[in-house]
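Shown here: structure-v5.cif, mmCIF, C-alpha atoms.
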data_target
#
loop_
_atom_site.label_atom_id
_atom_site.label_comp_id
_atom_site.auth_asym_id
_atom_site.auth_seq_id
_atom_site.Cartn_x
_atom_site.Cartn_y
_atom_site.Cartn_z
CA MET A 66 98.14 30.95 194.01
CA ASP A 67 95.61 28.82 195.83
CA ALA A 68 92.91 27.57 193.44
CA LYS A 69 90.23 28.07 196.10
CA LEU A 70 90.84 31.81 195.75
CA VAL A 71 90.04 31.77 192.02
CA ASN A 72 86.58 30.22 192.16
CA PRO A 73 84.92 33.10 194.08
CA PHE A 74 85.75 35.43 191.17
CA VAL A 75 84.69 33.03 188.43
CA ASN A 76 81.52 32.15 190.33
CA ALA A 77 80.72 35.87 190.63
CA VAL A 78 80.88 36.25 186.82
CA GLU A 79 78.76 33.13 186.35
CA ALA A 80 76.15 34.37 188.87
CA VAL A 81 75.96 38.10 188.14
CA LEU A 82 75.95 38.24 184.33
CA PRO A 83 72.77 36.12 184.01
CA GLN A 84 71.08 38.53 186.45
CA MET A 85 71.94 41.27 183.95
CA GLY A 86 70.26 39.42 181.07
CA PHE A 87 73.19 37.46 179.66
CA PRO A 88 73.08 33.71 179.18
CA ALA A 89 75.38 31.88 181.57
CA PRO A 90 78.99 32.64 180.60
CA THR A 91 81.27 29.68 180.05
CA ARG A 92 84.90 29.18 180.97
CA LYS A 93 87.08 28.97 177.89
CA SER A 94 90.56 28.62 179.33
CA LEU A 95 92.74 29.01 182.39
CA ASN A 96 96.30 30.30 182.00
CA VAL A 97 99.14 31.22 184.29
CA LYS A 98 100.79 34.52 183.42
CA GLN A 99 103.53 36.62 185.00
CA LYS A 100 103.34 40.02 186.71
CA ASN A 101 101.79 42.20 183.98
CA VAL A 102 98.37 42.18 182.37
CA GLU A 103 98.24 43.41 178.78
CA GLY A 104 95.25 45.67 178.20
CA LEU A 105 92.89 44.31 175.56
CA GLY A 106 91.15 47.67 175.08
CA VAL A 107 89.06 48.19 178.22
CA SER A 108 90.30 47.08 181.63
CA VAL A 109 88.94 47.58 185.12
CA ILE A 110 91.33 46.93 188.00
CA VAL A 111 90.19 46.43 191.59
CA GLY A 112 92.43 45.95 194.61
CA PHE A 113 91.87 43.72 197.65
CA THR A 114 93.18 44.18 201.19
CA LYS A 115 92.84 42.67 204.69
CA GLN A 116 93.00 38.85 204.71
CA LEU A 117 93.34 38.76 200.92
CA ARG A 118 95.79 41.03 199.13
CA GLY A 119 96.17 41.66 195.45
CA ASN A 120 94.25 42.68 192.36
CA VAL A 121 91.65 41.49 189.92
CA VAL A 122 91.33 42.86 186.39
CA TYR A 123 88.26 42.56 184.18
CA ASN A 124 89.85 42.81 180.74
CA MET A 125 88.10 42.93 177.35
CA ASP A 126 88.38 44.48 173.93
CA GLU A 127 86.35 47.57 173.10
CA GLU A 128 83.77 45.64 171.05
CA THR A 129 83.07 43.36 174.01
CA ALA A 130 82.81 46.38 176.31
CA LYS A 131 80.31 48.04 173.96
CA PHE A 132 78.34 44.78 173.68
CA ILE A 133 78.16 44.39 177.47
CA ALA A 134 77.28 48.07 177.98
CA SER A 135 74.54 47.85 175.36
CA LYS A 136 73.01 44.80 177.01
CA MET A 137 73.18 46.52 180.41
CA MET A 138 71.37 49.54 178.91
CA MET A 139 68.48 47.43 177.63
CA GLY A 140 69.86 47.03 174.10
CA MET A 141 70.61 50.70 173.46
CA PRO A 142 73.05 50.84 170.52
CA ILE A 143 76.59 51.82 171.51
CA ALA A 144 78.46 53.34 168.57
CA GLU A 145 81.48 54.48 170.58
CA PHE A 146 82.84 53.70 174.00
CA ASP A 147 81.70 57.00 175.49
CA ALA A 148 81.17 58.10 179.10
CA MET A 149 77.84 56.28 179.40
CA ALA A 150 79.32 53.00 178.15
CA GLN A 151 82.32 53.47 180.44
CA SER A 152 79.96 53.98 183.36
CA ALA A 153 78.14 50.75 182.51
CA ILE A 154 81.39 48.74 182.50
CA SER A 155 82.43 50.31 185.79
CA GLN A 156 79.01 49.40 187.19
CA MET A 157 79.50 45.81 186.01
CA SER A 158 82.73 45.65 188.03
CA ASN A 159 80.83 47.17 190.98
CA MET A 160 78.46 44.21 190.78
CA LEU A 161 81.02 41.47 190.15
CA THR A 162 83.58 42.42 192.78
CA PRO A 163 81.30 42.64 195.86
CA THR A 164 79.80 39.31 194.82
CA ALA A 165 83.31 37.84 194.74
CA ALA A 166 83.97 39.43 198.14
CA THR A 167 80.81 37.80 199.51
CA ASN A 168 81.97 34.48 198.06
CA LEU A 169 85.34 34.98 199.78
CA ALA A 170 83.55 35.70 203.06
CA GLY A 171 82.03 32.23 202.66
CA LEU A 172 85.61 30.97 202.91
CA SER A 173 85.95 32.93 206.19
CA LEU A 174 88.10 35.61 204.54
CA GLU A 175 87.53 39.25 205.45
CA VAL A 176 88.35 41.55 202.54
CA ASP A 177 88.10 45.20 201.60
CA ILE A 178 87.91 46.26 197.98
CA SER A 179 89.23 49.42 196.36
CA THR A 180 87.35 51.71 194.05
CA PRO A 181 87.53 50.28 190.52
CA SER A 182 89.80 52.03 188.06
CA LEU A 183 88.86 51.92 184.37
CA SER A 184 91.61 52.05 181.77
CA ILE A 185 91.14 52.42 178.04
CA GLY A 186 93.76 51.38 175.54
CA GLN A 187 95.13 48.33 173.87
CA GLY A 188 98.53 46.76 174.49
CA PHE A 189 99.54 48.69 177.60
CA GLN A 190 100.96 46.80 180.57
CA MET A 191 99.56 46.84 184.13
CA LYS A 192 101.60 45.24 186.89
CA ILE A 193 99.17 43.34 189.10
CA SER A 194 101.53 40.89 190.79
CA ASP A 195 105.17 40.31 191.69
CA GLY A 196 104.86 36.75 190.42
CA PRO A 197 102.41 34.48 188.63
CA TYR A 198 98.69 35.13 188.40
CA LEU A 199 95.78 33.32 186.77
CA THR A 200 93.75 34.42 183.78
CA VAL A 201 90.32 32.88 183.33
CA ALA A 202 88.90 33.51 179.86
CA MET A 203 85.10 33.62 179.89
CA ASP A 204 82.81 33.45 176.87
CA VAL A 205 79.97 35.97 177.16
CA GLU A 206 77.66 35.35 174.20
CA GLY A 207 80.64 34.90 171.87
CA HIS A 208 82.62 37.75 173.41
CA LEU A 209 85.79 37.29 175.48
CA LEU A 210 85.98 38.58 179.06
CA GLU A 211 89.28 37.88 180.78
CA VAL A 212 89.35 37.81 184.55
CA ASP A 213 92.94 38.25 185.70
CA ILE A 214 93.30 37.17 189.33
CA ALA A 215 96.39 37.98 191.40
CA VAL A 216 95.45 37.55 195.04
CA GLU A 217 97.12 35.94 198.05
CA GLN A 218 95.77 35.04 201.43
CA GLN A 219 97.47 36.92 204.28
#
Please express the file's structure as structure tokens.
Amino acid sequence: MDAKLVNPFVNAVEAVLPQMGFPAPTRKSLNVKQKNVEGLGVSVIVGFTKQLRGNVVYNMDEETAKFIASKMMMGMPIAEFDAMAQSAISQMSNMLTPTAATNLAGLSLEVDISTPSLSIGQGFQMKISDGPYLTVAMDVEGHLLEVDIAVEQQ
């Protein structure tokens, strides 16, 4: 995978989350993984087509998802990951992904994005690539948000 295709996604997280009231997230690690993403508890997968093909997954445990949803809902306590909290996480992906697409357009890449799909559960496998993909672990106020990036330029 071309490293220039990773930065638009990471930059989207670094730009959008502070607009939502979070301090700037920091990159914790970068890892190469193979084919399948293991769900950490709450995962949102989004597909890309046109000049860029593949998937991105925003992957986090349920506590992180509740923390992010609470912050997005002005500090409202989230006791369980219910429909409202799920909607908030889906909305987060609806903010991150178009920002990444705009960043990709800055690289002269035309992309279309799919509707995000939210999955709940820990330990399940999602195939996002036929080969290697990159996982960027981001620290969001002490909470881990993994951005799994499996895209290729066409």
Inset, instruction - Skip Leu172 (chain A) itself and residues of its chain fewer than 5 positions away, then list as number ranges by chain all residues within 10 Å of it, counting only C-alpha atoms. - result: A: 69-70, 73, 166-167
Take the residues from that selection and put them in a file with C-alpha atoms, as a JSON list (two decimals), keeping the file's coordinate frame.
[["chain", "number", "residue", "atom", "x", "y", "z"],
["A", 69, "LYS", "CA", 90.23, 28.07, 196.10],
["A", 70, "LEU", "CA", 90.84, 31.81, 195.75],
["A", 73, "PRO", "CA", 84.92, 33.10, 194.08],
["A", 166, "ALA", "CA", 83.97, 39.43, 198.14],
["A", 167, "THR", "CA", 80.81, 37.80, 199.51]]
Inset, instruction - Rank nothing, just name the residue among A:Ala170, A:Met141, A:Val205, A:Val121 nearest to Phe87 (chain A), using all atoms listed in the file. - result: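 Among the listed residues, A:Val205 lies closest to Phe87 (chain A).
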Inset, instruction - Considering only C-alpha atoms, state which residue in the set A:Ser155, A:Gln219, A:Asn168, A:Thr200 is at the smallest distance from Lys98 (chain A). - result: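 Ranked by minimum distance to Lys98 (chain A), first place goes to A:Thr200.
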Inset, instruction - Tell me which residues the PyMOL selection byres ((chain A and resi 154) around 10) grabs here, as a PyMOL selection string. - result: chain A and resi 107-109+123+130-131+133-135+137+146+148-153+155-160+183
Legend entry - Given all atoms listed in the file as the counted atoms, nearest of A:Lys136, A:Lys100, A:Lys115, A:Lys93 to Gln218 (chain A):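 Of the candidates, the smallest distance to Gln218 (chain A) is held by A:Lys115.
Residues captured in this structure file are A:Pro90, A:Thr91, A:Arg92, A:Lys93, A:Ala202, A:Met203, A:Val205, A:Glu206, A:Gly207, A:His208, A:Leu209, A:Leu210, according to the PyMOL selection byres ((chain A and resi 204) around 8).
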Legend entry - Long-range neighbours of Glu217 (chain A) as a ChimeraX atom specification, 12 Å cut-off, all atoms listed in the file, 2 positions minimum in chain: /A:66-71,112-121,169,174,176,193-199,214-215,219
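With all atoms listed in the file taken into account, the protein and nucleic acid residues at most 9 Å from Ala165 (chain A) (excluding it and anything under 6 positions from it in its own chain) are Asn72, Pro73, Phe74, Val75, Asn76, Ala77 and Val78 of chain A.
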Legend entry - Separation of CA of Leu105 (chain A) from CA of Asn124 (chain A) in Å: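 Pair CA of Asn124 (chain A) / CA of Leu105 (chain A) returns 6.2 Å.
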